[in-house]
>>> print(open('upload.tsv').read())   # TSV, C-alpha atoms
chain	number	residue	atom	x	y	z
R	13	MET	CA	0.00	0.00	0.00
R	14	ASP	CA	1.11	3.54	-0.70
R	15	ARG	CA	0.54	6.58	1.44
R	16	LEU	CA	-1.05	9.34	-0.68
R	17	ALA	CA	-0.07	12.98	-0.91
R	18	ASN	CA	-3.16	14.83	-2.10
R	19	THR	CA	-3.97	18.24	-3.57
R	20	VAL	CA	-6.43	20.69	-2.00
R	21	ARG	CA	-8.40	22.75	-4.52
R	22	PRO	CA	-9.06	26.40	-3.47
R	23	TYR	CA	-12.43	26.99	-5.16
R	24	ALA	CA	-14.16	30.18	-4.05
R	25	TRP	CA	-17.11	28.33	-2.44
R	26	GLY	CA	-14.84	26.36	-0.13
R	27	SER	CA	-14.83	26.62	3.65
R	28	THR	CA	-11.81	28.34	5.19
R	29	THR	CA	-11.90	26.15	8.31
R	30	ALA	CA	-13.54	22.72	7.75
R	31	LEU	CA	-10.66	20.95	6.03
R	32	PRO	CA	-7.98	22.47	8.28
R	33	GLU	CA	-9.95	21.29	11.33
R	34	LEU	CA	-10.14	17.75	9.95
R	35	LEU	CA	-6.51	17.68	8.83
R	36	GLY	CA	-5.17	19.32	11.99
R	37	THR	CA	-3.55	22.17	10.05
R	38	ALA	CA	-3.67	25.92	10.48
R	39	PRO	CA	-6.22	27.78	8.32
R	40	THR	CA	-4.64	29.92	5.64
R	41	GLY	CA	-7.54	32.36	5.45
R	42	GLU	CA	-8.22	31.17	1.89
R	43	PRO	CA	-11.00	28.79	0.81
R	44	GLN	CA	-10.08	25.09	0.92
R	45	ALA	CA	-12.87	23.42	-1.02
R	46	GLU	CA	-11.87	19.90	-2.06
R	47	MET	CA	-9.07	17.44	-1.42
R	48	TRP	CA	-8.74	15.04	-4.36
R	49	LEU	CA	-7.70	11.42	-3.85
R	50	GLY	CA	-7.07	9.36	-6.96
R	51	ALA	CA	-5.60	9.54	-10.43
R	52	HIS	CA	-7.67	12.29	-12.07
R	53	PRO	CA	-5.35	14.16	-14.48
R	54	GLY	CA	-6.43	17.51	-13.03
R	55	ALA	CA	-4.82	16.85	-9.64
R	56	PRO	CA	-3.57	13.27	-9.24
R	57	SER	CA	-2.42	12.01	-5.87
R	58	ARG	CA	1.29	11.30	-5.49
R	59	ILE	CA	3.03	8.25	-4.04
R	60	ASP	CA	6.65	7.45	-3.25
R	61	ARG	CA	7.97	3.92	-3.69
R	62	GLY	CA	11.54	4.88	-2.92
R	63	ALA	CA	12.54	6.90	-5.97
R	64	GLY	CA	10.75	10.12	-5.01
R	65	PRO	CA	7.17	11.32	-5.41
R	66	VAL	CA	5.37	10.33	-8.60
R	67	SER	CA	1.82	10.80	-9.85
R	68	LEU	CA	-0.53	7.90	-9.12
R	69	ALA	CA	-1.86	8.35	-12.67
R	70	GLU	CA	1.64	7.72	-14.07
R	71	VAL	CA	2.07	4.63	-11.88
R	72	ILE	CA	-1.21	3.17	-13.12
R	73	ASP	CA	-0.48	4.08	-16.75
R	74	ALA	CA	2.84	2.22	-16.53
R	75	ALA	CA	1.31	-1.06	-15.28
R	76	PRO	CA	-2.51	-0.95	-15.24
R	77	GLU	CA	-3.13	-4.65	-14.61
R	78	ALA	CA	-0.58	-4.80	-11.79
R	79	GLU	CA	-2.14	-1.80	-10.04
R	80	LEU	CA	-5.84	-2.22	-10.88
R	81	GLY	CA	-6.15	-5.97	-11.48
R	82	ALA	CA	-7.20	-7.72	-14.67
R	83	ASP	CA	-10.92	-7.67	-13.77
R	84	THR	CA	-10.96	-3.89	-13.26
R	85	VAL	CA	-9.05	-3.20	-16.47
R	86	ARG	CA	-11.37	-5.51	-18.40
R	87	ALA	CA	-14.46	-3.76	-16.99
R	88	PHE	CA	-13.37	-0.10	-17.04
R	89	GLY	CA	-10.18	0.20	-19.07
R	90	PRO	CA	-6.61	0.91	-17.92
R	91	ARG	CA	-7.43	3.76	-15.53
R	92	LEU	CA	-8.83	4.25	-12.05
R	93	PRO	CA	-12.54	4.80	-12.82
R	94	PHE	CA	-13.41	6.85	-9.74
R	95	LEU	CA	-12.34	9.98	-7.87
R	96	LEU	CA	-12.63	10.29	-4.10
R	97	LYS	CA	-12.83	13.70	-2.44
R	98	LEU	CA	-13.14	15.47	0.86
R	99	LEU	CA	-15.56	18.30	0.06
R	100	ALA	CA	-15.94	21.35	2.32
R	101	ALA	CA	-18.66	23.76	1.19
R	102	GLY	CA	-18.60	27.11	2.97
R	103	SER	CA	-21.11	28.64	0.54
R	104	PRO	CA	-23.48	27.16	-2.09
R	105	LEU	CA	-22.15	25.45	-5.19
R	106	SER	CA	-23.81	25.90	-8.56
R	107	LEU	CA	-27.10	24.19	-9.33
R	108	GLN	CA	-26.14	21.45	-11.79
R	109	VAL	CA	-26.93	18.18	-13.51
R	110	HIS	CA	-24.82	15.45	-15.13
R	111	PRO	CA	-25.48	13.50	-18.36
R	112	ASP	CA	-25.77	9.75	-18.76
R	113	ARG	CA	-23.20	7.89	-20.88
R	114	ALA	CA	-25.16	8.14	-24.13
R	115	GLN	CA	-25.82	11.87	-23.68
R	116	ALA	CA	-22.16	12.49	-22.80
R	117	ALA	CA	-20.90	10.60	-25.84
R	118	GLU	CA	-23.33	12.40	-28.15
R	119	GLY	CA	-22.63	15.83	-26.67
R	120	PHE	CA	-18.86	15.34	-26.73
R	121	ALA	CA	-18.91	14.21	-30.36
R	122	ASP	CA	-21.10	17.17	-31.34
R	123	GLU	CA	-18.81	19.72	-29.69
R	124	GLU	CA	-15.76	18.06	-31.25
R	125	ARG	CA	-17.39	18.31	-34.69
R	126	ARG	CA	-18.11	21.98	-34.10
R	127	GLY	CA	-14.49	22.61	-33.12
R	128	ILE	CA	-15.21	23.97	-29.64
R	129	PRO	CA	-11.92	23.99	-27.70
R	130	ILE	CA	-11.91	21.56	-24.79
R	131	ASP	CA	-11.09	24.39	-22.36
R	132	ALA	CA	-13.64	26.88	-23.76
R	133	GLY	CA	-15.90	28.48	-21.17
R	134	HIS	CA	-19.02	27.56	-23.15
R	135	ARG	CA	-18.00	23.90	-23.65
R	136	ASN	CA	-20.37	21.46	-21.89
R	137	TYR	CA	-18.67	18.09	-22.42
R	138	LYS	CA	-15.05	17.48	-21.46
R	139	ASP	CA	-15.20	13.70	-22.01
R	140	THR	CA	-17.56	10.89	-23.01
R	141	ASN	CA	-18.32	9.52	-19.53
R	142	HIS	CA	-21.21	9.92	-17.14
R	143	LYS	CA	-20.64	11.45	-13.68
R	144	PRO	CA	-22.80	9.88	-10.98
R	145	GLU	CA	-21.88	11.08	-7.48
R	146	LEU	CA	-22.29	9.98	-3.88
R	147	ILE	CA	-21.87	12.40	-0.96
R	148	VAL	CA	-21.66	11.20	2.65
R	149	ALA	CA	-21.98	13.84	5.38
R	150	LEU	CA	-19.21	14.12	7.98
R	151	THR	CA	-20.94	17.13	9.58
R	152	PRO	CA	-24.52	18.35	9.21
R	153	PHE	CA	-24.77	18.93	5.46
R	154	ASP	CA	-27.28	21.04	3.49
R	155	GLY	CA	-28.20	20.31	-0.11
R	156	LEU	CA	-30.78	20.29	-2.87
R	157	CYS	CA	-31.56	17.05	-4.67
R	158	GLY	CA	-34.23	16.19	-7.26
R	159	PHE	CA	-37.58	17.77	-7.98
R	160	ARG	CA	-40.30	18.25	-5.40
R	161	HIS	CA	-43.73	17.00	-6.37
R	162	PRO	CA	-45.35	19.86	-8.36
R	163	ALA	CA	-48.09	20.38	-5.75
R	164	GLN	CA	-45.46	20.77	-3.02
R	165	ALA	CA	-43.46	23.21	-5.14
R	166	ALA	CA	-46.67	25.15	-5.83
R	167	ASP	CA	-47.37	25.39	-2.09
R	168	LEU	CA	-43.86	26.65	-1.44
R	169	LEU	CA	-44.00	29.30	-4.17
R	170	GLU	CA	-47.53	30.37	-3.29
R	171	GLY	CA	-46.56	30.78	0.34
R	172	LEU	CA	-44.12	33.52	-0.64
R	173	GLY	CA	-47.04	35.78	-1.57
R	174	VAL	CA	-45.30	37.17	-4.67
R	175	ASP	CA	-47.77	37.91	-7.48
R	176	ASP	CA	-45.15	37.35	-10.20
R	177	LEU	CA	-44.95	33.69	-9.18
R	178	LYS	CA	-48.66	32.99	-9.69
R	179	PRO	CA	-48.30	31.79	-13.32
R	180	TYR	CA	-45.74	29.20	-12.17
R	181	VAL	CA	-48.01	28.12	-9.32
R	182	ASP	CA	-50.92	27.67	-11.75
R	183	ILE	CA	-48.81	25.52	-14.10
R	184	LEU	CA	-47.57	23.36	-11.24
R	185	ARG	CA	-51.13	22.76	-10.05
R	186	ALA	CA	-52.77	22.17	-13.44
R	187	SER	CA	-50.30	20.28	-15.66
R	188	PRO	CA	-49.09	16.66	-15.54
R	189	GLU	CA	-45.96	16.21	-13.43
R	190	GLU	CA	-43.30	16.08	-16.14
R	191	ASP	CA	-44.92	18.82	-18.23
R	192	ALA	CA	-45.34	21.10	-15.21
R	193	LEU	CA	-41.74	20.79	-14.06
R	194	ARG	CA	-40.36	21.18	-17.57
R	195	GLU	CA	-42.52	24.21	-18.38
R	196	VAL	CA	-41.69	26.08	-15.19
R	197	LEU	CA	-37.96	25.34	-15.29
R	198	THR	CA	-37.85	26.37	-18.97
R	199	ALA	CA	-39.69	29.63	-18.23
R	200	VAL	CA	-37.46	30.50	-15.27
R	201	LEU	CA	-34.12	29.76	-16.92
R	202	GLY	CA	-35.17	31.12	-20.32
R	203	ALA	CA	-36.32	34.51	-19.00
R	204	GLU	CA	-34.28	37.63	-19.67
R	205	HIS	CA	-32.20	38.40	-16.60
R	206	HIS	CA	-33.44	41.96	-16.27
R	207	ALA	CA	-37.04	40.75	-16.48
R	208	ILE	CA	-36.81	38.11	-13.77
R	209	ALA	CA	-34.29	39.69	-11.39
R	210	GLY	CA	-37.02	41.70	-9.65
R	211	THR	CA	-39.13	38.59	-9.13
R	212	VAL	CA	-36.13	36.80	-7.64
R	213	GLU	CA	-35.51	39.73	-5.31
R	214	ARG	CA	-39.12	39.85	-4.09
R	215	ALA	CA	-39.17	36.09	-3.60
R	216	SER	CA	-35.90	36.29	-1.68
R	217	VAL	CA	-37.15	38.99	0.70
R	218	ALA	CA	-40.28	36.94	1.36
R	219	ALA	CA	-38.26	33.77	1.95
R	220	ASP	CA	-36.04	35.56	4.45
R	221	ARG	CA	-39.08	36.86	6.33
R	222	LEU	CA	-40.84	33.48	6.38
R	223	ALA	CA	-37.69	31.71	7.56
R	224	ALA	CA	-37.54	34.07	10.54
R	225	GLU	CA	-41.22	33.55	11.34
R	226	GLY	CA	-40.92	29.77	11.43
R	227	GLY	CA	-43.51	27.36	10.09
R	228	PRO	CA	-43.48	24.12	8.11
R	229	HIS	CA	-41.21	25.40	5.32
R	230	ALA	CA	-38.93	27.59	7.45
R	231	ASP	CA	-35.75	25.54	6.84
R	232	ALA	CA	-36.33	25.50	3.08
R	233	TYR	CA	-37.09	29.22	2.94
R	234	ALA	CA	-33.93	29.89	4.95
R	235	ALA	CA	-31.86	27.88	2.45
R	236	TYR	CA	-33.33	29.77	-0.51
R	237	ALA	CA	-32.72	33.10	1.23
R	238	VAL	CA	-29.04	32.12	1.61
R	239	LEU	CA	-28.88	31.27	-2.10
R	240	ALA	CA	-30.33	34.67	-2.95
R	241	HIS	CA	-27.79	36.38	-0.71
R	242	HIS	CA	-24.93	34.74	-2.62
R	243	TYR	CA	-26.54	35.04	-6.08
R	244	PRO	CA	-28.82	38.12	-6.07
R	245	GLY	CA	-31.21	38.21	-9.00
R	246	ASP	CA	-30.06	34.81	-10.31
R	247	PRO	CA	-32.97	32.83	-11.84
R	248	GLY	CA	-31.35	29.75	-10.37
R	249	VAL	CA	-32.81	30.81	-7.01
R	250	LEU	CA	-36.32	30.19	-8.39
R	251	ALA	CA	-35.18	26.98	-10.08
R	252	ALA	CA	-33.86	25.82	-6.71
R	253	MET	CA	-37.31	26.25	-5.19
R	254	LEU	CA	-38.51	23.41	-7.40
R	255	LEU	CA	-36.05	21.04	-5.70
R	256	ASN	CA	-36.07	19.07	-2.47
R	257	HIS	CA	-34.16	20.73	0.35
R	258	VAL	CA	-32.37	18.07	2.39
R	259	GLN	CA	-30.36	18.27	5.62
R	260	LEU	CA	-28.07	15.28	6.08
R	261	GLN	CA	-26.82	14.18	9.47
R	262	PRO	CA	-23.31	12.69	9.79
R	263	GLY	CA	-23.22	9.27	8.14
R	264	GLU	CA	-26.20	9.94	5.87
R	265	ALA	CA	-25.70	10.19	2.12
R	266	LEU	CA	-27.20	11.25	-1.21
R	267	PHE	CA	-26.74	9.46	-4.52
R	268	LEU	CA	-26.93	11.79	-7.52
R	269	GLY	CA	-27.56	9.90	-10.74
R	270	ALA	CA	-27.73	11.17	-14.31
R	271	GLY	CA	-30.27	13.90	-14.96
R	272	ILE	CA	-30.92	14.73	-11.29
R	273	PRO	CA	-30.61	18.48	-10.58
R	274	HIS	CA	-28.72	19.15	-7.36
R	275	ALA	CA	-26.57	21.56	-5.41
R	276	TYR	CA	-24.48	21.39	-2.24
R	277	LEU	CA	-25.18	24.31	0.08
R	278	GLY	CA	-22.89	23.80	3.06
R	279	GLY	CA	-21.05	21.22	5.14
R	280	LEU	CA	-18.18	18.73	5.10
R	281	GLY	CA	-18.48	15.37	3.39
R	282	VAL	CA	-16.79	12.48	1.62
R	283	GLU	CA	-17.66	12.46	-2.08
R	284	LEU	CA	-17.11	9.64	-4.56
R	285	MET	CA	-17.80	9.97	-8.28
R	286	ALA	CA	-17.11	8.44	-11.65
R	287	ASN	CA	-14.05	9.94	-13.32
R	288	SER	CA	-15.61	12.68	-15.47
R	289	ASP	CA	-15.74	16.47	-15.73
R	290	ASN	CA	-19.13	16.73	-17.44
R	291	VAL	CA	-21.30	19.35	-15.71
R	292	LEU	CA	-24.34	21.22	-17.05
R	293	ARG	CA	-25.21	24.19	-14.86
R	294	CYS	CA	-28.75	25.35	-14.11
R	295	GLY	CA	-27.89	28.54	-12.25
R	296	LEU	CA	-26.30	29.97	-9.09
R	297	THR	CA	-23.12	30.59	-11.04
R	298	PRO	CA	-21.45	33.22	-13.21
R	299	LYS	CA	-20.40	30.38	-15.56
R	300	HIS	CA	-22.04	29.34	-18.81
R	301	VAL	CA	-25.62	28.03	-18.63
R	302	ASP	CA	-26.73	26.21	-21.81
R	303	VAL	CA	-30.48	26.04	-21.28
R	304	PRO	CA	-31.42	23.95	-24.37
R	305	GLU	CA	-28.75	21.34	-23.62
R	306	LEU	CA	-29.66	21.34	-19.96
R	307	LEU	CA	-33.30	20.64	-20.77
R	308	ARG	CA	-32.20	17.71	-22.96
R	309	VAL	CA	-30.37	16.13	-20.02
R	310	VAL	CA	-32.61	16.84	-17.01
R	311	ARG	CA	-34.96	14.09	-15.85
R	312	PHE	CA	-38.27	15.74	-14.97
R	313	GLU	CA	-39.24	13.22	-12.32
R	314	ALA	CA	-40.45	14.20	-8.86
R	315	GLY	CA	-39.75	12.32	-5.65
R	316	ASP	CA	-38.06	12.66	-2.28
R	317	ALA	CA	-34.34	13.23	-2.02
R	318	GLY	CA	-33.62	9.57	-1.28
R	319	VAL	CA	-31.38	9.83	1.78
R	320	LEU	CA	-29.11	6.77	2.04
R	321	ARG	CA	-27.89	5.10	5.19
R	322	PRO	CA	-25.17	2.44	5.16
R	323	GLU	CA	-26.04	-1.25	5.30
R	324	ASP	CA	-23.86	-3.55	7.39
R	325	VAL	CA	-22.22	-6.34	5.37
R	326	ASN	CA	-20.00	-8.39	7.68
R	327	GLY	CA	-18.74	-5.34	9.54
R	328	GLU	CA	-18.39	-3.19	6.43
R	329	GLU	CA	-21.01	-0.42	6.24
R	330	VAL	CA	-21.84	-0.16	2.53
R	331	TYR	CA	-23.56	2.73	0.74
R	332	GLU	CA	-25.44	0.84	-1.98
R	333	THR	CA	-25.70	2.53	-5.40
R	334	PRO	CA	-26.54	1.24	-8.90
R	335	ILE	CA	-23.04	2.12	-10.18
R	336	ASP	CA	-20.16	-0.26	-10.96
R	337	GLU	CA	-17.38	2.34	-11.33
R	338	PHE	CA	-17.40	3.01	-7.61
R	339	ARG	CA	-18.40	1.53	-4.29
R	340	LEU	CA	-18.10	3.40	-1.01
R	341	SER	CA	-18.13	1.84	2.43
R	342	ARG	CA	-17.21	2.77	5.97
R	343	PHE	CA	-15.48	0.95	8.82
R	344	VAL	CA	-15.69	2.07	12.42
R	345	ALA	CA	-12.76	0.45	14.24
R	346	ALA	CA	-13.04	-0.11	17.99
R	347	PRO	CA	-10.19	-0.56	20.49
R	348	GLY	CA	-9.51	-4.21	21.29
R	349	ALA	CA	-11.49	-5.57	18.35
R	350	ALA	CA	-9.89	-8.19	16.12
R	351	PRO	CA	-8.28	-6.84	12.93
R	352	HIS	CA	-10.72	-6.68	10.02
R	353	ALA	CA	-9.52	-8.12	6.69
R	354	LEU	CA	-10.38	-6.04	3.62
R	355	PRO	CA	-11.33	-7.62	0.27
R	356	SER	CA	-8.35	-7.58	-2.09
R	357	ARG	CA	-9.64	-8.27	-5.64
R	358	THR	CA	-9.99	-4.64	-6.63
R	359	PRO	CA	-7.93	-1.43	-6.25
R	360	GLN	CA	-8.94	0.72	-3.30
R	361	ILE	CA	-8.33	4.07	-1.67
R	362	LEU	CA	-8.64	4.15	2.11
R	363	LEU	CA	-9.30	7.46	3.89
R	364	CYS	CA	-9.34	8.04	7.64
R	365	THR	CA	-11.83	10.69	8.82
R	366	ALA	CA	-11.71	10.30	12.62
R	367	GLY	CA	-9.45	8.83	15.30
R	368	THR	CA	-6.53	6.59	14.34
R	369	VAL	CA	-6.79	3.60	12.02
R	370	ARG	CA	-3.93	1.10	11.69
R	371	LEU	CA	-3.38	-0.75	8.44
R	372	ARG	CA	-1.15	-3.77	8.05
R	373	GLU	CA	-0.39	-6.17	5.26
R	374	ALA	CA	-2.25	-9.37	6.05
R	375	ASP	CA	0.88	-11.52	5.88
R	376	ALA	CA	2.61	-9.20	8.34
R	377	GLU	CA	-0.38	-9.52	10.67
R	378	ALA	CA	0.13	-13.28	10.63
R	379	GLY	CA	3.77	-12.83	11.60
R	380	ALA	CA	5.63	-12.97	8.29
R	381	GLY	CA	7.66	-9.79	8.17
R	382	ALA	CA	5.89	-8.16	11.10
R	383	GLY	CA	7.75	-5.34	12.76
R	384	GLU	CA	8.99	-1.86	11.96
R	385	GLY	CA	7.59	-0.59	8.69
R	386	ALA	CA	5.13	-3.46	8.27
R	387	GLY	CA	2.08	-1.22	8.77
R	388	LEU	CA	0.77	2.32	8.63
R	389	ALA	CA	-1.24	4.44	11.05
R	390	LEU	CA	-3.66	6.93	9.50
R	391	ALA	CA	-4.83	10.12	11.21
R	392	PRO	CA	-7.85	12.14	10.02
R	393	GLY	CA	-7.42	13.21	6.40
R	394	GLU	CA	-4.64	10.70	5.70
R	395	SER	CA	-5.07	8.07	3.00
R	396	VAL	CA	-3.49	5.19	1.11
R	397	PHE	CA	-3.79	3.53	-2.28
R	398	VAL	CA	-3.95	-0.26	-2.15
R	399	PRO	CA	-3.26	-2.06	-5.47
R	400	ALA	CA	-5.49	-4.96	-6.45
R	401	GLY	CA	-4.44	-8.23	-4.85
R	402	GLU	CA	-2.80	-6.68	-1.78
R	403	ARG	CA	-4.30	-8.06	1.42
R	404	ILE	CA	-4.78	-5.49	4.19
R	405	THR	CA	-6.21	-5.62	7.70
R	406	LEU	CA	-7.41	-2.66	9.71
R	407	SER	CA	-7.68	-2.03	13.43
R	408	GLY	CA	-7.53	0.88	15.84
R	409	ASP	CA	-9.98	3.45	17.15
R	410	GLY	CA	-11.37	5.51	14.31
R	411	THR	CA	-13.37	5.75	11.08
R	412	LEU	CA	-12.14	4.67	7.67
R	413	PHE	CA	-13.84	5.12	4.29
R	414	ARG	CA	-13.06	2.59	1.55
R	415	ALA	CA	-13.49	3.53	-2.12
R	416	THR	CA	-13.24	0.80	-4.73
R	417	VAL	CA	-15.07	-0.63	-7.76
R	418	VAL	CA	-17.67	-3.32	-8.31
R	419	ALA	CA	-15.97	-5.95	-10.46
>>> encode(input="upload.tsv", output="structure tokens")
Amino acid sequence: MDRLANTVRPYAWGSTTALPELLGTAPTGEPQAEMWLGAHPGAPSRIDRGAGPVSLAEVIDAAPEAELGADTVRAFGPRLPFLLKLLAAGSPLSLQVHPDRAQAAEGFADEERRGIPIDAGHRNYKDTNHKPELIVALTPFDGLCGFRHPAQAADLLEGLGVDDLKPYVDILRASPEEDALREVLTAVLGAEHHAIAGTVERASVAADRLAAEGGPHADAYAAYAVLAHHYPGDPGVLAAMLLNHVQLQPGEALFLGAGIPHAYLGGLGVELMANSDNVLRCGLTPKHVDVPELLRVVRFEAGDAGVLRPEDVNGEEVYETPIDEFRLSRFVAAPGAAPHALPSRTPQILLCTAGTVRLREADAEAGAGAGEGAGLALAPGESVFVPAGERITLSGDGTLFRATVVA
């Protein structure tokens, strides 16, 4: 196994304190938004096998079957198919959606044909892959995920008492579910900014007032008021009111599949995703919003946010998702408990988020080669890459997340 050196990304929405508190480092005063763990070319982790630090991506490229295992390479190609992150949101991220594989392949090919540079600000598709995501809360975590039922969205909008919103309320009450959601989202995002900014402002003032007064929608109104504070006049604030507001407690998770509109509003979590950069934005951002392409990708299906809780599988707490490129689980090690053997068929990244977790090669645990240097102790924020076929046991007093593939 290889200890990872990871890069922290300083996106403007990042918290200035959450990651330093977890890592035990001094805040810099600048946002620290995401720590990336994996082999994504944008910020690959680094390992040192005795010849100095080298990119994990380069190590895998040099010997994919040795690092990933034949089964993983056969299923996903000669690259690590997932990216693990620590995500610390100090302010809301953009409202966004991700394509499925077919949409990504079609969109990428179309933009290639049209000669749009891969780094152009108005480019939607950076690759041909889908980008499902899983976020697990480490602290209380606020987010938006999926469409509310139209009647519930109508109640929320009507409760604001803003006359400009009445046409949207009428559509949400009168039209079939998919038609209602599509028509209102299209109207909101397609409106001229100067024409809708006043409506957003009036809705924001009302949301702030209703949040202070309390009531059944107070938490949701408070979240939308915060969005409006960060993005005044942005039509994405009204689009967000069509979505479920969810407040995760530590250990709870959200799975965000293709076509599901979502946004992270605040909190610290562990995020695992397929290795892709394809994002279509719906609002709450100064970046490019391609409304026609967005409407092609969004799934206009209402339902609850679908909060996930881990299921115990022989001491491994698994967050079940319908995705093969990644699988996330959690171990809570207790003092005095017998070492827990980890499966070894697939490559894995192990991340400690609390306490101290001790990792040891299974043969060393049995006595062959045990001693100095035979194991590693991980503190919060520390991580390792374990190549396929390497047998590891864990023990200690802490929490460890395990990211791998289904193969």
>>> closest_residue(input="upload.tsv", among="R:Val417, R:Val303, R:Leu320, R:Leu105", to="R:Ala286", atoms="all atoms listed in the file")
R:Val417
>>> residues_around(input="upload.tsv", residues="R:Arg58", least_positions_apart="6", cutoff="10 Å", atoms="all atoms listed in the file", output="list of chain:residue names")
R:Asp14, R:Arg15, R:Leu16, R:Ala17, R:Asn18, R:Thr19, R:Leu49, R:Gly50, R:Ala51, R:Gly64, R:Pro65, R:Val66, R:Ser67, R:Leu68, R:Ala69, R:Glu70, R:Val71, R:Phe397
>>> write_last_selection(input="upload.tsv", atoms="C-alpha atoms", output="compact mmCIF listing (two decimals), in the coordinates of the input")
# COMPACT_ATOMS: atom_id res chain seq x y z
CA ASP R 14 1.11 3.54 -0.70
CA ARG R 15 0.54 6.58 1.44
CA LEU R 16 -1.05 9.34 -0.68
CA ALA R 17 -0.07 12.98 -0.91
CA ASN R 18 -3.16 14.83 -2.10
CA THR R 19 -3.97 18.24 -3.57
CA LEU R 49 -7.70 11.42 -3.85
CA GLY R 50 -7.07 9.36 -6.96
CA ALA R 51 -5.60 9.54 -10.43
CA GLY R 64 10.75 10.12 -5.01
CA PRO R 65 7.17 11.32 -5.41
CA VAL R 66 5.37 10.33 -8.60
CA SER R 67 1.82 10.80 -9.85
CA LEU R 68 -0.53 7.90 -9.12
CA ALA R 69 -1.86 8.35 -12.67
CA GLU R 70 1.64 7.72 -14.07
CA VAL R 71 2.07 4.63 -11.88
CA PHE R 397 -3.79 3.53 -2.28
>>> closest_residue(input="upload.tsv", among="R:Val85, R:Leu254, R:Ile208, R:Val344", to="R:Ala192", atoms="only C-alpha atoms")
R:Leu254
>>> closest_residue(input="upload.tsv", among="R:Ala223, R:Val196, R:Cys157, R:Ala186", to="R:Gly171", atoms="all atoms listed in the file")
R:Ala223
>>> atom_distance(input="upload.tsv", atom1="atom CA of R:Leu266", atom2="atom CA of R:Leu193")
21.6 Å
>>> closest_residue(input="upload.tsv", among="R:Tyr233, R:Arg414, R:Glu283, R:Gly393", to="R:Glu328", atoms="all atoms listed in the file")
R:Arg414
>>> atom_distance(input="upload.tsv", atom1="atom CA of R:Asp324", atom2="atom CA of R:Arg357")
19.9 Å
>>> closest_atom_pairs(input="upload.tsv", of="stretch 273-348 of chain R", to="stretch 137-141 of chain R", cutoff="6 Å", atoms="all atoms listed in the file", output="CSV")
residue,atom,partner,partner_atom,distance
R:Ser288,CA,R:Asn141,CA,5.8
R:Asp289,CA,R:Lys138,CA,5.9
R:Asn290,CA,R:Tyr137,CA,5.2
>>> write_last_selection(input="upload.tsv", atoms="C-alpha atoms", output="PDB file, keeping the file's coordinate frame")
ATOM      1  CA  SER R 288     -15.610  12.680 -15.470  1.00  0.00           C
ATOM      2  CA  ASP R 289     -15.740  16.470 -15.730  1.00  0.00           C
ATOM      3  CA  ASN R 290     -19.130  16.730 -17.440  1.00  0.00           C
TER       4      ASN R 290
END
>>> residues_around(input="upload.tsv", residues="R:His52", least_positions_apart="2", cutoff="8 Å", atoms="only C-alpha atoms", output="PyMOL selection string")
chain R and resi 50+54-56+69+95+287
>>> atom_distance(input="upload.tsv", atom1="atom CA of R:Ala353", atom2="atom CA of R:Thr416")
15.0 Å
>>> residues_around(input="upload.tsv", residues="R:Glu264", least_positions_apart="6", cutoff="10 Å", atoms="all atoms listed in the file", output="list in words")
Ile147, Val148, Ala149, Leu150, Thr151, Pro152, Phe153, Gly281, Val319, Leu320, Arg321, Pro322 and Tyr331 of chain R
>>> residues_around(input="upload.tsv", residues="R:Met253", least_positions_apart="4", cutoff="10 Å", atoms="all atoms listed in the file", output="count of residues only")
14
>>> closest_residue(input="upload.tsv", among="R:Ala215, R:Asp154, R:Leu172, R:Leu250", to="R:Asp231", atoms="all atoms listed in the file")
R:Asp154
